[in-house]
file structure_25.cif (mmCIF, C-alpha atoms)
data_final
#
loop_
_atom_site.label_atom_id
_atom_site.label_comp_id
_atom_site.auth_asym_id
_atom_site.auth_seq_id
_atom_site.Cartn_x
_atom_site.Cartn_y
_atom_site.Cartn_z
CA MET A 7 73.86 59.89 189.06
CA ASP A 8 75.55 63.26 188.73
CA GLN A 9 79.12 64.33 188.31
CA GLN A 10 79.43 65.17 191.99
CA THR A 11 78.60 61.58 192.92
CA ALA A 12 81.36 60.31 190.63
CA LYS A 13 83.80 62.85 192.08
CA THR A 14 83.00 61.78 195.63
CA ALA A 15 83.43 58.13 194.68
CA ALA A 16 86.73 58.87 192.93
CA ALA A 17 88.02 60.70 196.00
CA ALA A 18 87.05 57.76 198.20
CA ILE A 19 88.86 55.30 195.91
CA VAL A 20 92.01 57.42 195.79
CA ALA A 21 91.93 57.75 199.58
CA GLY A 22 91.48 53.98 199.83
CA LEU A 23 94.46 53.39 197.53
CA LYS A 24 96.65 55.62 199.68
CA LYS A 25 95.48 53.94 202.89
CA ALA A 26 96.44 50.65 201.25
CA GLY A 27 99.96 52.03 200.77
CA ILE A 28 99.80 52.61 197.01
CA ASP A 29 102.07 55.46 195.90
CA PHE A 30 102.52 54.83 192.15
CA VAL A 31 99.62 54.54 189.68
CA ALA A 32 99.62 53.95 185.93
CA THR A 33 96.34 54.66 184.17
CA LEU A 34 94.55 54.34 180.90
CA PRO A 35 91.11 55.84 181.28
CA GLU A 36 87.74 54.66 180.15
CA GLY A 37 84.56 56.72 180.23
CA LYS A 38 83.42 55.35 183.56
CA THR A 39 86.75 56.05 185.26
CA PHE A 40 87.14 59.61 184.01
CA GLU A 41 86.71 61.21 187.45
CA LEU A 42 88.91 58.57 189.05
CA THR A 43 91.70 59.19 186.56
CA CYS A 44 91.43 62.94 187.17
CA ALA A 45 91.59 62.36 190.92
CA VAL A 46 94.76 60.28 190.54
CA GLU A 47 96.32 62.96 188.34
CA GLN A 48 95.51 65.71 190.84
CA ASP A 49 96.79 63.89 193.91
CA GLN A 50 100.18 65.24 194.92
CA GLU A 51 101.20 62.14 196.87
CA LEU A 52 100.76 59.70 194.00
CA THR A 53 103.21 59.32 191.14
CA HIS A 54 100.93 59.12 188.11
CA VAL A 55 101.98 57.67 184.76
CA PRO A 56 99.34 58.06 182.02
CA LEU A 57 99.75 55.23 179.51
CA CYS A 58 99.31 54.84 175.77
CA ARG A 59 98.70 51.08 175.97
CA GLU A 60 98.11 48.98 179.04
CA GLU A 61 100.86 46.41 178.57
CA GLU A 62 103.65 48.98 178.83
CA GLY A 63 102.11 49.94 182.18
CA ILE A 64 102.84 46.47 183.51
CA GLY A 65 106.50 47.06 182.61
CA ILE A 66 106.56 50.56 184.11
CA CYS A 67 104.95 49.36 187.34
CA ALA A 68 107.39 46.41 187.50
CA GLY A 69 110.33 48.81 187.32
CA ALA A 70 108.80 51.06 189.97
CA TYR A 71 108.13 48.08 192.24
CA LEU A 72 111.76 46.99 192.02
CA ALA A 73 112.64 50.50 193.15
CA GLY A 74 110.45 50.24 196.24
CA LYS A 75 107.13 51.65 195.03
CA LYS A 76 103.73 50.13 195.78
CA THR A 77 102.06 50.10 192.41
CA ALA A 78 98.60 49.97 190.90
CA ILE A 79 97.36 50.02 187.33
CA MET A 80 93.94 51.35 186.43
CA MET A 81 92.42 50.19 183.16
CA GLN A 82 89.36 48.75 181.48
CA ASN A 83 88.93 45.00 181.16
CA ALA A 84 89.78 45.23 177.45
CA GLY A 85 93.05 46.78 178.60
CA PHE A 86 93.59 43.91 180.99
CA LEU A 87 93.30 41.59 177.99
CA ASN A 88 95.89 43.78 176.25
CA SER A 89 98.28 43.24 179.17
CA CYS A 90 98.16 39.48 179.50
CA ASN A 91 101.58 38.76 178.00
CA ALA A 92 103.47 41.13 180.30
CA LEU A 93 101.37 40.03 183.27
CA THR A 94 102.54 36.49 182.54
CA THR A 95 106.14 36.94 181.39
CA THR A 96 107.01 39.86 183.66
CA SER A 97 104.68 39.93 186.71
CA LEU A 98 104.28 36.19 187.19
CA GLN A 99 107.69 35.24 185.79
CA PHE A 100 109.57 37.53 188.20
CA GLN A 101 107.01 37.36 191.03
CA ILE A 102 106.20 41.06 190.93
CA PRO A 103 102.99 42.20 192.63
CA ILE A 104 100.66 44.79 191.16
CA LEU A 105 97.21 45.91 192.21
CA MET A 106 94.99 45.96 189.12
CA LEU A 107 91.93 48.19 189.26
CA ILE A 108 89.91 47.04 186.29
CA TYR A 109 86.71 48.68 185.15
CA TYR A 110 84.26 45.85 184.59
CA ALA A 111 82.74 46.73 181.21
CA GLY A 112 79.99 44.28 180.29
CA ASP A 113 79.21 43.60 183.94
CA ILE A 114 75.64 42.77 184.95
CA GLY A 115 73.46 45.71 183.92
CA ASP A 116 76.15 47.33 181.74
CA ARG A 117 75.38 47.82 178.05
CA GLY A 118 77.75 47.77 175.12
CA PHE A 119 80.59 45.43 175.93
CA THR A 120 79.28 42.05 176.94
CA THR A 121 81.92 40.31 174.81
CA VAL A 122 84.71 41.65 177.01
CA GLY A 123 82.58 41.26 180.14
CA SER A 124 81.99 37.61 179.45
CA VAL A 125 85.68 36.69 179.17
CA THR A 126 87.00 38.89 181.98
CA GLU A 127 86.56 36.63 185.00
CA PRO A 128 87.43 33.41 183.11
CA VAL A 129 90.72 34.94 181.89
CA LEU A 130 91.57 36.33 185.35
CA ASN A 131 90.87 32.88 186.80
CA ALA A 132 92.88 31.11 184.13
CA MET A 133 95.86 33.30 184.93
CA GLY A 134 95.53 32.50 188.62
CA PHE A 135 94.84 36.08 189.72
CA ARG A 136 92.79 36.50 192.89
CA THR A 137 89.83 38.66 191.91
CA TYR A 138 87.40 40.80 193.94
CA ILE A 139 84.43 42.70 192.62
CA LEU A 140 84.01 46.10 194.26
CA ARG A 141 80.38 47.20 194.07
CA LYS A 142 79.69 49.16 197.24
CA GLN A 143 81.37 52.35 198.30
CA GLU A 144 81.42 51.25 201.93
CA ASP A 145 83.68 48.34 200.92
CA ILE A 146 86.33 50.48 199.20
CA ASN A 147 88.88 50.67 202.01
CA GLU A 148 88.59 47.07 203.09
CA ILE A 149 88.84 45.57 199.60
CA LEU A 150 91.63 47.83 198.35
CA ARG A 151 93.70 47.30 201.47
CA GLY A 152 93.00 43.58 201.51
CA ALA A 153 93.83 43.18 197.83
CA GLN A 154 97.07 45.14 198.20
CA ILE A 155 98.13 42.97 201.17
CA LEU A 156 97.39 39.87 199.08
CA ALA A 157 99.37 41.17 196.11
CA ASP A 158 102.32 42.12 198.29
CA ASP A 159 102.31 38.87 200.23
CA SER A 160 101.75 36.54 197.26
CA LYS A 161 104.09 38.58 195.02
CA LYS A 162 101.45 38.35 192.30
CA PRO A 163 98.97 40.60 190.55
CA VAL A 164 95.59 40.88 192.26
CA ALA A 165 92.49 42.18 190.47
CA VAL A 166 89.79 44.45 191.84
CA LEU A 167 86.95 44.84 189.37
CA LEU A 168 85.35 48.27 189.60
CA THR A 169 81.66 48.52 188.81
CA LYS A 170 79.43 51.46 187.90
CA SER A 171 77.90 51.50 191.38
CA VAL A 172 81.18 51.92 193.22
CA LEU A 173 82.30 54.58 190.74
CA GLY A 174 79.05 56.49 191.19
CA VAL A 175 78.30 56.53 187.45
CA ASP A 176 75.36 55.43 185.31
CA MET B 28 130.77 45.96 164.44
CA GLN B 29 128.55 44.01 166.73
CA ARG B 30 126.57 45.13 169.77
CA TYR B 31 129.25 43.68 172.05
CA ASP B 32 131.90 46.03 170.65
CA TYR B 33 129.78 49.02 171.64
CA LEU B 34 128.71 47.67 175.02
CA LYS B 35 132.34 46.98 175.90
CA LEU B 36 133.11 50.68 175.49
CA ILE B 37 130.62 51.82 178.11
CA ALA B 38 130.90 48.99 180.64
CA GLU B 39 133.23 51.04 182.79
CA ASP B 40 131.55 54.38 182.13
CA SER B 41 128.26 52.92 183.39
CA LYS B 42 129.55 52.90 186.99
CA ASP B 43 126.68 52.11 189.35
CA ALA B 44 123.91 52.70 186.78
CA LEU B 45 120.96 50.32 186.84
CA VAL B 46 120.91 48.48 183.54
CA VAL B 47 117.90 46.71 182.05
CA CYS B 48 118.61 44.34 179.15
CA THR B 49 116.69 42.16 176.76
CA GLY B 50 117.41 39.26 174.40
CA PHE B 51 120.93 38.16 173.57
CA ALA B 52 122.36 41.43 174.89
CA SER B 53 121.75 40.28 178.47
CA ARG B 54 124.48 37.66 178.35
CA GLU B 55 126.90 40.16 176.86
CA TRP B 56 126.18 42.88 179.38
CA PHE B 57 126.28 40.61 182.43
CA ALA B 58 129.69 39.36 181.22
CA LEU B 59 130.99 42.87 180.58
CA ARG B 60 129.70 44.47 183.77
CA PRO B 61 128.93 41.84 186.40
CA SER B 62 126.66 43.55 188.95
CA ASP B 63 123.47 42.99 190.89
CA GLY B 64 122.37 46.29 189.36
CA ASN B 65 121.66 44.41 186.10
CA LEU B 66 118.23 43.12 185.22
CA LYS B 67 117.23 40.95 182.26
CA THR B 68 113.66 41.19 181.05
CA ARG B 69 111.67 38.41 179.43
CA THR B 70 108.68 40.11 177.82
CA LEU B 71 109.57 41.23 174.30
CA GLY B 72 109.26 45.00 174.28
CA VAL B 73 108.99 45.97 177.93
CA VAL B 74 112.70 46.62 178.49
CA SER B 75 112.29 50.38 177.91
CA SER B 76 109.14 50.53 180.04
CA VAL B 77 110.72 48.67 182.98
CA ALA B 78 113.74 50.97 182.74
CA ALA B 79 111.41 53.99 182.65
CA GLY B 80 109.56 52.78 185.76
CA LEU B 81 112.88 52.52 187.58
CA ALA B 82 114.00 55.93 186.34
CA ILE B 83 110.75 57.62 187.37
CA ALA B 84 110.82 55.98 190.81
CA LEU B 85 114.52 56.72 191.40
CA PRO B 86 115.30 60.07 189.79
CA GLN B 87 118.66 60.26 191.55
CA ARG B 88 119.95 57.07 189.85
CA LYS B 89 121.18 56.61 186.30
CA VAL B 90 119.19 53.99 184.42
CA ILE B 91 120.20 52.46 181.08
CA ALA B 92 117.88 50.47 178.82
CA ILE B 93 119.63 48.16 176.35
CA ASP B 94 116.96 47.77 173.69
CA GLY B 95 116.89 45.83 170.43
CA ASP B 96 114.99 46.60 167.25
CA GLY B 97 112.48 43.77 167.70
CA ALA B 98 111.67 44.88 171.24
CA PHE B 99 111.69 48.58 170.29
CA LEU B 100 109.22 48.04 167.47
CA MET B 101 106.93 45.97 169.66
CA ASN B 102 106.68 48.70 172.29
CA LEU B 103 106.24 51.80 170.13
CA CYS B 104 103.34 53.01 172.26
CA GLY B 105 105.68 52.99 175.26
CA LEU B 106 107.76 55.78 173.72
CA PRO B 107 105.28 58.69 174.03
CA THR B 108 104.64 57.60 177.61
CA ILE B 109 108.35 57.76 178.41
CA ALA B 110 108.76 61.07 176.58
CA GLN B 111 105.79 62.55 178.43
CA LYS B 112 107.37 61.74 181.83
CA ASN B 113 110.76 62.73 180.37
CA PRO B 114 113.05 61.05 182.94
CA GLY B 115 116.42 62.79 182.47
CA ASN B 116 118.23 59.95 184.22
CA LEU B 117 117.25 57.41 181.53
CA ILE B 118 119.63 56.58 178.69
CA HIS B 119 117.90 54.50 176.05
CA LEU B 120 120.31 52.51 173.88
CA LEU B 121 119.00 50.84 170.74
CA PHE B 122 121.14 48.21 169.04
CA ASP B 123 119.50 47.72 165.67
CA ASN B 124 120.69 44.58 163.87
CA GLU B 125 117.54 44.44 161.71
CA VAL B 126 116.70 40.89 162.77
CA TYR B 127 114.94 39.00 165.53
CA GLU B 128 118.28 37.61 166.63
CA ALA B 129 117.17 35.66 169.67
CA SER B 130 114.52 33.84 167.68
CA GLY B 131 116.54 32.74 164.68
CA GLY B 132 117.35 35.83 162.63
CA THR B 133 114.37 36.71 160.46
CA ALA B 134 114.06 40.36 159.49
CA THR B 135 112.37 43.01 161.61
CA ALA B 136 110.70 46.05 160.06
CA SER B 137 113.62 48.23 161.13
CA ARG B 138 115.13 48.10 157.62
CA THR B 139 112.25 50.19 156.35
CA SER B 140 111.65 52.37 159.39
CA ASP B 141 113.68 54.95 161.29
CA ALA B 142 113.87 54.49 165.05
CA VAL B 143 115.29 57.95 165.68
CA ALA B 144 112.51 59.62 163.70
CA ILE B 145 110.01 57.50 165.60
CA ALA B 146 111.49 58.49 168.98
CA LYS B 147 111.57 62.17 168.01
CA GLY B 148 108.00 61.96 166.80
CA ALA B 149 107.07 60.35 170.10
CA GLY B 150 108.48 63.32 171.97
CA TYR B 151 112.09 62.41 172.76
CA ARG B 152 113.96 65.71 172.62
CA ASN B 153 117.26 63.90 172.18
CA ALA B 154 117.47 61.01 169.75
CA LEU B 155 120.32 60.29 167.36
CA TRP B 156 121.92 57.70 165.14
CA VAL B 157 125.62 57.14 165.78
CA LYS B 158 127.86 55.41 163.24
CA SER B 159 131.15 54.80 165.01
CA LEU B 160 132.50 53.62 168.33
CA GLU B 161 133.88 57.08 169.06
CA ASP B 162 130.58 58.81 168.32
CA PHE B 163 128.75 56.27 170.43
CA ARG B 164 130.95 56.82 173.45
CA ALA B 165 130.73 60.59 173.04
CA ALA B 166 126.93 60.47 172.79
CA PHE B 167 126.74 58.24 175.85
CA THR B 168 128.94 60.58 177.89
CA ARG B 169 126.89 63.57 176.73
CA ALA B 170 123.61 61.91 177.71
CA TRP B 171 125.06 60.97 181.10
CA LYS B 172 126.36 64.45 181.86
CA SER B 173 123.44 66.43 180.48
CA ASN B 174 120.91 64.39 182.46
CA GLU B 175 118.43 64.54 179.59
CA LEU B 176 116.39 61.64 178.26
CA THR B 177 118.26 60.39 175.20
CA LEU B 178 117.85 57.63 172.64
CA ILE B 179 121.15 56.54 171.09
CA ALA B 180 120.59 54.23 168.13
CA ILE B 181 123.28 52.21 166.38
CA LYS B 182 123.13 49.88 163.38
CA VAL B 183 125.08 46.72 164.23
CA GLU B 184 125.83 43.35 162.67
CA PRO B 185 123.99 40.44 164.27
CA GLY B 186 126.00 38.00 166.38
CA GLN B 187 128.00 37.91 169.55
CA PRO B 188 131.37 36.52 170.75
CA LYS B 189 131.45 32.75 170.97
CA ASN B 190 133.23 32.55 174.31
CA LEU B 191 130.79 34.45 176.53
CA PRO B 192 130.31 32.90 179.97
CA PRO B 193 126.87 31.33 180.48
CA LEU B 194 124.40 33.51 182.34
CA LYS B 195 123.31 31.35 185.26
CA LEU B 196 120.67 33.47 186.86
CA ASP B 197 117.08 32.51 187.52
CA ASP B 198 114.60 35.35 186.87
CA ILE B 199 113.38 35.44 190.46
CA GLU B 200 116.95 35.28 191.76
CA ASN B 201 117.74 38.22 189.44
CA LYS B 202 114.80 40.16 190.88
CA TYR B 203 115.78 39.61 194.51
CA ARG B 204 119.43 40.35 193.94
CA PHE B 205 118.50 43.52 192.06
CA MET B 206 116.14 44.68 194.83
CA ARG B 207 118.64 43.91 197.60
CA TYR B 208 121.30 45.76 195.67
CA LEU B 209 119.00 48.78 195.41
CA GLU B 210 118.11 48.61 199.09
CA ALA B 211 121.79 48.50 200.01
CA THR B 212 122.85 51.31 197.68
CA GLU B 213 119.81 53.51 198.41
CA LYS B 214 119.95 52.66 202.13
CA LYS B 215 116.23 51.86 202.24
CA ASN B 216 114.10 48.84 203.02
CA PHE B 217 111.59 48.02 200.31
#
call {"tool": "encode", "arguments": {"input": "structure_25.cif", "output": "C-alpha cells"}}
result
Amino acid sequence: MDQQTAKTAAAAIVAGLKKAGIDFVATLPEGKTFELTCAVEQDQELTHVPLCREEEGIGICAGAYLAGKKTAIMMQNAGFLNSCNALTTTSLQFQIPILMLIYYAGDIGDRGFTTVGSVTEPVLNAMGFRTYILRKQEDINEILRGAQILADDSKKPVAVLLTKSVLGVD
Amino acid sequence: MQRYDYLKLIAEDSKDALVVCTGFASREWFALRPSDGNLKTRTLGVVSSVAAGLAIALPQRKVIAIDGDGAFLMNLCGLPTIAQKNPGNLIHLLFDNEVYEASGGTATASRTSDAVAIAKGAGYRNALWVKSLEDFRAAFTRAWKSNELTLIAIKVEPGQPKNLPPLKLDDIENKYRFMRYLEATEKKNF
C-alpha cells in the first residue's frame, strides 16, 4: 500500500476520534502509526501531547480528564505493557476512563514482534479492559464511538487494537 | 527543616490553585490547605504528569505539583514532555529528602544526582535549588506571578509532624470531589 492510503486511513481515524468526542490525545508513535501521529499533530481541534514514555501519558490523560477533556492515548502494544502500573494504580484506582488506541504489533500476519503480540490480549484481559480489534476502515466510526462510550460509561480504560489493514500500511 | 515547614509557608499563597500531591506530603497538604482542589496520586512518579495534564487542559488555572525525589526520579522521561508543552501555569515543587520516605526510608539516588540540572537538561527554562524558607517563598511568588513553568527544588529532612489529622478520603471520593469542585469553579459540566 502507498503513503496516500495510510494518509487517508489516518484522516479517517482522526475524524472518527473527533466524532467520538475525543479532544485530547497523547501519542508515542510506532512505524505503522506514523501517518496517524502526524494527522493528530496537524489537527487544530485536538490537544496533542507527544510523549517520551507511555506511562506518563496515562498520568497526563488522567489530569486532562479531571479537567473535562475526553482523552485518548495512541501507542504500540509494547507501550501498553509499559503503562500497566499507571493504568492500574491511576486509571482503575480512581475510575478514570481513557480510550487506548494500541497498534497491534505481532498480530496475525505481522512480522517481527510476535512476543509482544502473543501477550497483548491476555494482559488486556487480565486487567479487565474491554478490547476491540479494528481491522476494517468501514468500522472505524462505529468502533471508536462505541469504545469511547464504553470507557466513559464504565469509567475505565477501553482498548482498540489497530491493525495494519485499518491503518492502510503493509 | 522538613517539607511541612515549607508547605506551611505557601498554603495561603496557593489560593484556589489545583494541587496534586504524592506520598506522605498528601496528608500534610490536605491538613494545611483543606480544599476539594487537592488531589492525591497513588502511582509513584505520575504526580508531575497528572499536574501537567491538568495545566495543559486548564491554562487559566494555577496548578501545583508537590513532588518527592523518589517520584521525580521514577518519572524522568515525563520532564521533557512537560517542558515541551511548557505550561506556564504549572509550578513544580520538589521536596528532596533523599529517601523513599513512604516506604521505610531507604536512600534514593538523589544524593548523587542533581534534580535541577536534570530539569534544565530536560528543557525547563526555570529550575532552581532554594536553601531557605525565605528563598522558597520568594521563588514560589516569582513563579506564580511570572506565569512560567518552574521547578523549585528544596533539600529537606525526612519526617513530618506527629499530630497531623488523618486523611480520610477514598481515592474515588477524591476524584469526584475534585471534578465537582472544578465544574463549580469553572462553571462547566464535565
call {"tool": "atom_distance", "arguments": {"input": "structure_25.cif", "atom1": "atom CA of Ala84 of chain A", "atom2": "atom CA of Ala68 of chain A"}}
result
20.3 Å
call {"tool": "interface_residues", "arguments": {"input": "structure_25.cif", "of": "chain B", "to": "chain A", "cutoff": "10 Å", "atoms": "only C-alpha atoms", "output": "ChimeraX atom specification"}}
result
/B:47,66,68-85,102-109,111-112,197-203,205-207,209-210,213,215-217
call {"tool": "atom_distance", "arguments": {"input": "structure_25.cif", "atom1": "atom CA of Ala44 of chain B", "atom2": "atom CA of Val90 of chain B"}}
result
5.4 Å
call {"tool": "residues_around", "arguments": {"input": "structure_25.cif", "residues": "segment 136-141 of chain A", "least_positions_apart": "3", "cutoff": "6 Å", "atoms": "all atoms listed in the file", "output": "list in words"}}
result
Val164, Ala165, Val166, Leu167, Leu168, Thr169, Ser171 and Val172 of chain A
call {"tool": "residues_around", "arguments": {"input": "structure_25.cif", "residues": "Met81 of chain A", "least_positions_apart": "6", "cutoff": "9 Å", "atoms": "all atoms listed in the file", "output": "list in words"}}
result
Ala32, Thr33, Leu34, Pro35, Glu36, Thr39, Glu60, Met106, Leu107, Ile108 and Tyr109 of chain A
call {"tool": "resolve_selection", "arguments": {"input": "structure_25.cif", "expression": "the PyMOL selection byres ((chain A and resi 111) around 12)", "output": "JSON, numbers by chain"}}
result
{"A": [36, 37, 38, 39, 81, 82, 83, 84, 85, 86, 108, 109, 110, 112, 113, 114, 115, 116, 117, 118, 119, 120, 121, 122, 123, 124, 125, 126, 127, 167, 168, 169, 170]}
call {"tool": "atom_distance", "arguments": {"input": "structure_25.cif", "atom1": "atom CA of Lys42 of chain B", "atom2": "atom CA of Ala166 of chain B"}}
result
16.3 Å
call {"tool": "residues_around", "arguments": {"input": "structure_25.cif", "residues": "segment 124-127 of chain B", "least_positions_apart": "5", "cutoff": "9 Å", "atoms": "all atoms listed in the file", "output": "list in words"}}
result
Gln29, Arg30, Gly95, Asp96, Gly97, Ala98, Gly132, Thr133, Ala134, Thr135, Ala136, Ser137, Arg138, Ile181, Lys182, Val183, Glu184, Pro185 and Gly186 of chain B
call {"tool": "resolve_selection", "arguments": {"input": "structure_25.cif", "expression": "the PyMOL selection byres ((chain A and resi 45) around 8)", "output": "PyMOL selection string"}}
result
chain A and resi 13+16-17+20+41-44+46-49
call {"tool": "resolve_selection", "arguments": {"input": "structure_25.cif", "expression": "the PyMOL selection byres ((chain B and resi 43) around 12)", "output": "PDB file with C-alpha atoms, in the frame of the given file"}}
result
ATOM      1  CA  ILE B  37     130.620  51.820 178.110  1.00  0.00           C
ATOM      2  CA  ALA B  38     130.900  48.990 180.640  1.00  0.00           C
ATOM      3  CA  GLU B  39     133.230  51.040 182.790  1.00  0.00           C
ATOM      4  CA  ASP B  40     131.550  54.380 182.130  1.00  0.00           C
ATOM      5  CA  SER B  41     128.260  52.920 183.390  1.00  0.00           C
ATOM      6  CA  LYS B  42     129.550  52.900 186.990  1.00  0.00           C
ATOM      7  CA  ALA B  44     123.910  52.700 186.780  1.00  0.00           C
ATOM      8  CA  LEU B  45     120.960  50.320 186.840  1.00  0.00           C
ATOM      9  CA  VAL B  46     120.910  48.480 183.540  1.00  0.00           C
ATOM     10  CA  ARG B  60     129.700  44.470 183.770  1.00  0.00           C
ATOM     11  CA  PRO B  61     128.930  41.840 186.400  1.00  0.00           C
ATOM     12  CA  SER B  62     126.660  43.550 188.950  1.00  0.00           C
ATOM     13  CA  ASP B  63     123.470  42.990 190.890  1.00  0.00           C
ATOM     14  CA  GLY B  64     122.370  46.290 189.360  1.00  0.00           C
ATOM     15  CA  ASN B  65     121.660  44.410 186.100  1.00  0.00           C
ATOM     16  CA  GLN B  87     118.660  60.260 191.550  1.00  0.00           C
ATOM     17  CA  ARG B  88     119.950  57.070 189.850  1.00  0.00           C
ATOM     18  CA  LYS B  89     121.180  56.610 186.300  1.00  0.00           C
ATOM     19  CA  VAL B  90     119.190  53.990 184.420  1.00  0.00           C
ATOM     20  CA  ILE B  91     120.200  52.460 181.080  1.00  0.00           C
ATOM     21  CA  TYR B 208     121.300  45.760 195.670  1.00  0.00           C
ATOM     22  CA  LEU B 209     119.000  48.780 195.410  1.00  0.00           C
ATOM     23  CA  THR B 212     122.850  51.310 197.680  1.00  0.00           C
ATOM     24  CA  GLU B 213     119.810  53.510 198.410  1.00  0.00           C
TER      25      GLU B 213
END
call {"tool": "residues_around", "arguments": {"input": "structure_25.cif", "residues": "segment 155-163 of chain A", "least_positions_apart": "2", "cutoff": "6 Å", "atoms": "all atoms listed in the file", "output": "PyMOL selection string"}}
result
chain A and resi 101-105+152-153
call {"tool": "write_last_selection", "arguments": {"input": "structure_25.cif", "atoms": "C-alpha atoms", "output": "PDB file, keeping the file's coordinate frame"}}
result
ATOM      1  CA  GLN A 101     107.010  37.360 191.030  1.00  0.00           C
ATOM      2  CA  ILE A 102     106.200  41.060 190.930  1.00  0.00           C
ATOM      3  CA  PRO A 103     102.990  42.200 192.630  1.00  0.00           C
ATOM      4  CA  ILE A 104     100.660  44.790 191.160  1.00  0.00           C
ATOM      5  CA  LEU A 105      97.210  45.910 192.210  1.00  0.00           C
ATOM      6  CA  GLY A 152      93.000  43.580 201.510  1.00  0.00           C
ATOM      7  CA  ALA A 153      93.830  43.180 197.830  1.00  0.00           C
TER       8      ALA A 153
END
call {"tool": "build_atoms", "arguments": {"input": "structure_25.cif", "residues": "segment 36-49 of chain A", "atoms": "N, CA and C atoms", "output": "tab-separated table (two decimals), in the frame of the given file"}}
result
chain	number	residue	atom	x	y	z
A	36	GLU	N	88.92	55.00	180.95
A	36	GLU	CA	87.74	54.66	180.15
A	36	GLU	C	86.65	55.60	180.64
A	37	GLY	N	85.57	55.72	179.91
A	37	GLY	CA	84.56	56.72	180.23
A	37	GLY	C	84.12	56.69	181.68
A	38	LYS	N	83.94	55.49	182.20
A	38	LYS	CA	83.42	55.35	183.56
A	38	LYS	C	84.47	55.72	184.63
A	39	THR	N	85.73	55.73	184.26
A	39	THR	CA	86.75	56.05	185.26
A	39	THR	C	87.34	57.44	185.04
A	40	PHE	N	86.63	58.27	184.29
A	40	PHE	CA	87.14	59.61	184.01
A	40	PHE	C	87.46	60.38	185.30
A	41	GLU	N	86.49	60.44	186.21
A	41	GLU	CA	86.71	61.21	187.45
A	41	GLU	C	87.83	60.58	188.29
A	42	LEU	N	87.88	59.27	188.28
A	42	LEU	CA	88.91	58.57	189.05
A	42	LEU	C	90.30	58.88	188.50
A	43	THR	N	90.41	58.87	187.18
A	43	THR	CA	91.70	59.19	186.56
A	43	THR	C	92.11	60.63	186.88
A	44	CYS	N	91.14	61.54	186.82
A	44	CYS	CA	91.43	62.94	187.17
A	44	CYS	C	91.88	63.05	188.62
A	45	ALA	N	91.25	62.29	189.50
A	45	ALA	CA	91.59	62.36	190.92
A	45	ALA	C	93.01	61.83	191.16
A	46	VAL	N	93.39	60.80	190.43
A	46	VAL	CA	94.76	60.28	190.54
A	46	VAL	C	95.75	61.34	190.06
A	47	GLU	N	95.43	61.95	188.92
A	47	GLU	CA	96.32	62.96	188.34
A	47	GLU	C	96.51	64.14	189.30
A	48	GLN	N	95.44	64.51	189.99
A	48	GLN	CA	95.51	65.71	190.84
A	48	GLN	C	96.13	65.44	192.20
A	49	ASP	N	96.27	64.19	192.58
A	49	ASP	CA	96.79	63.89	193.91
A	49	ASP	C	98.31	64.08	193.94
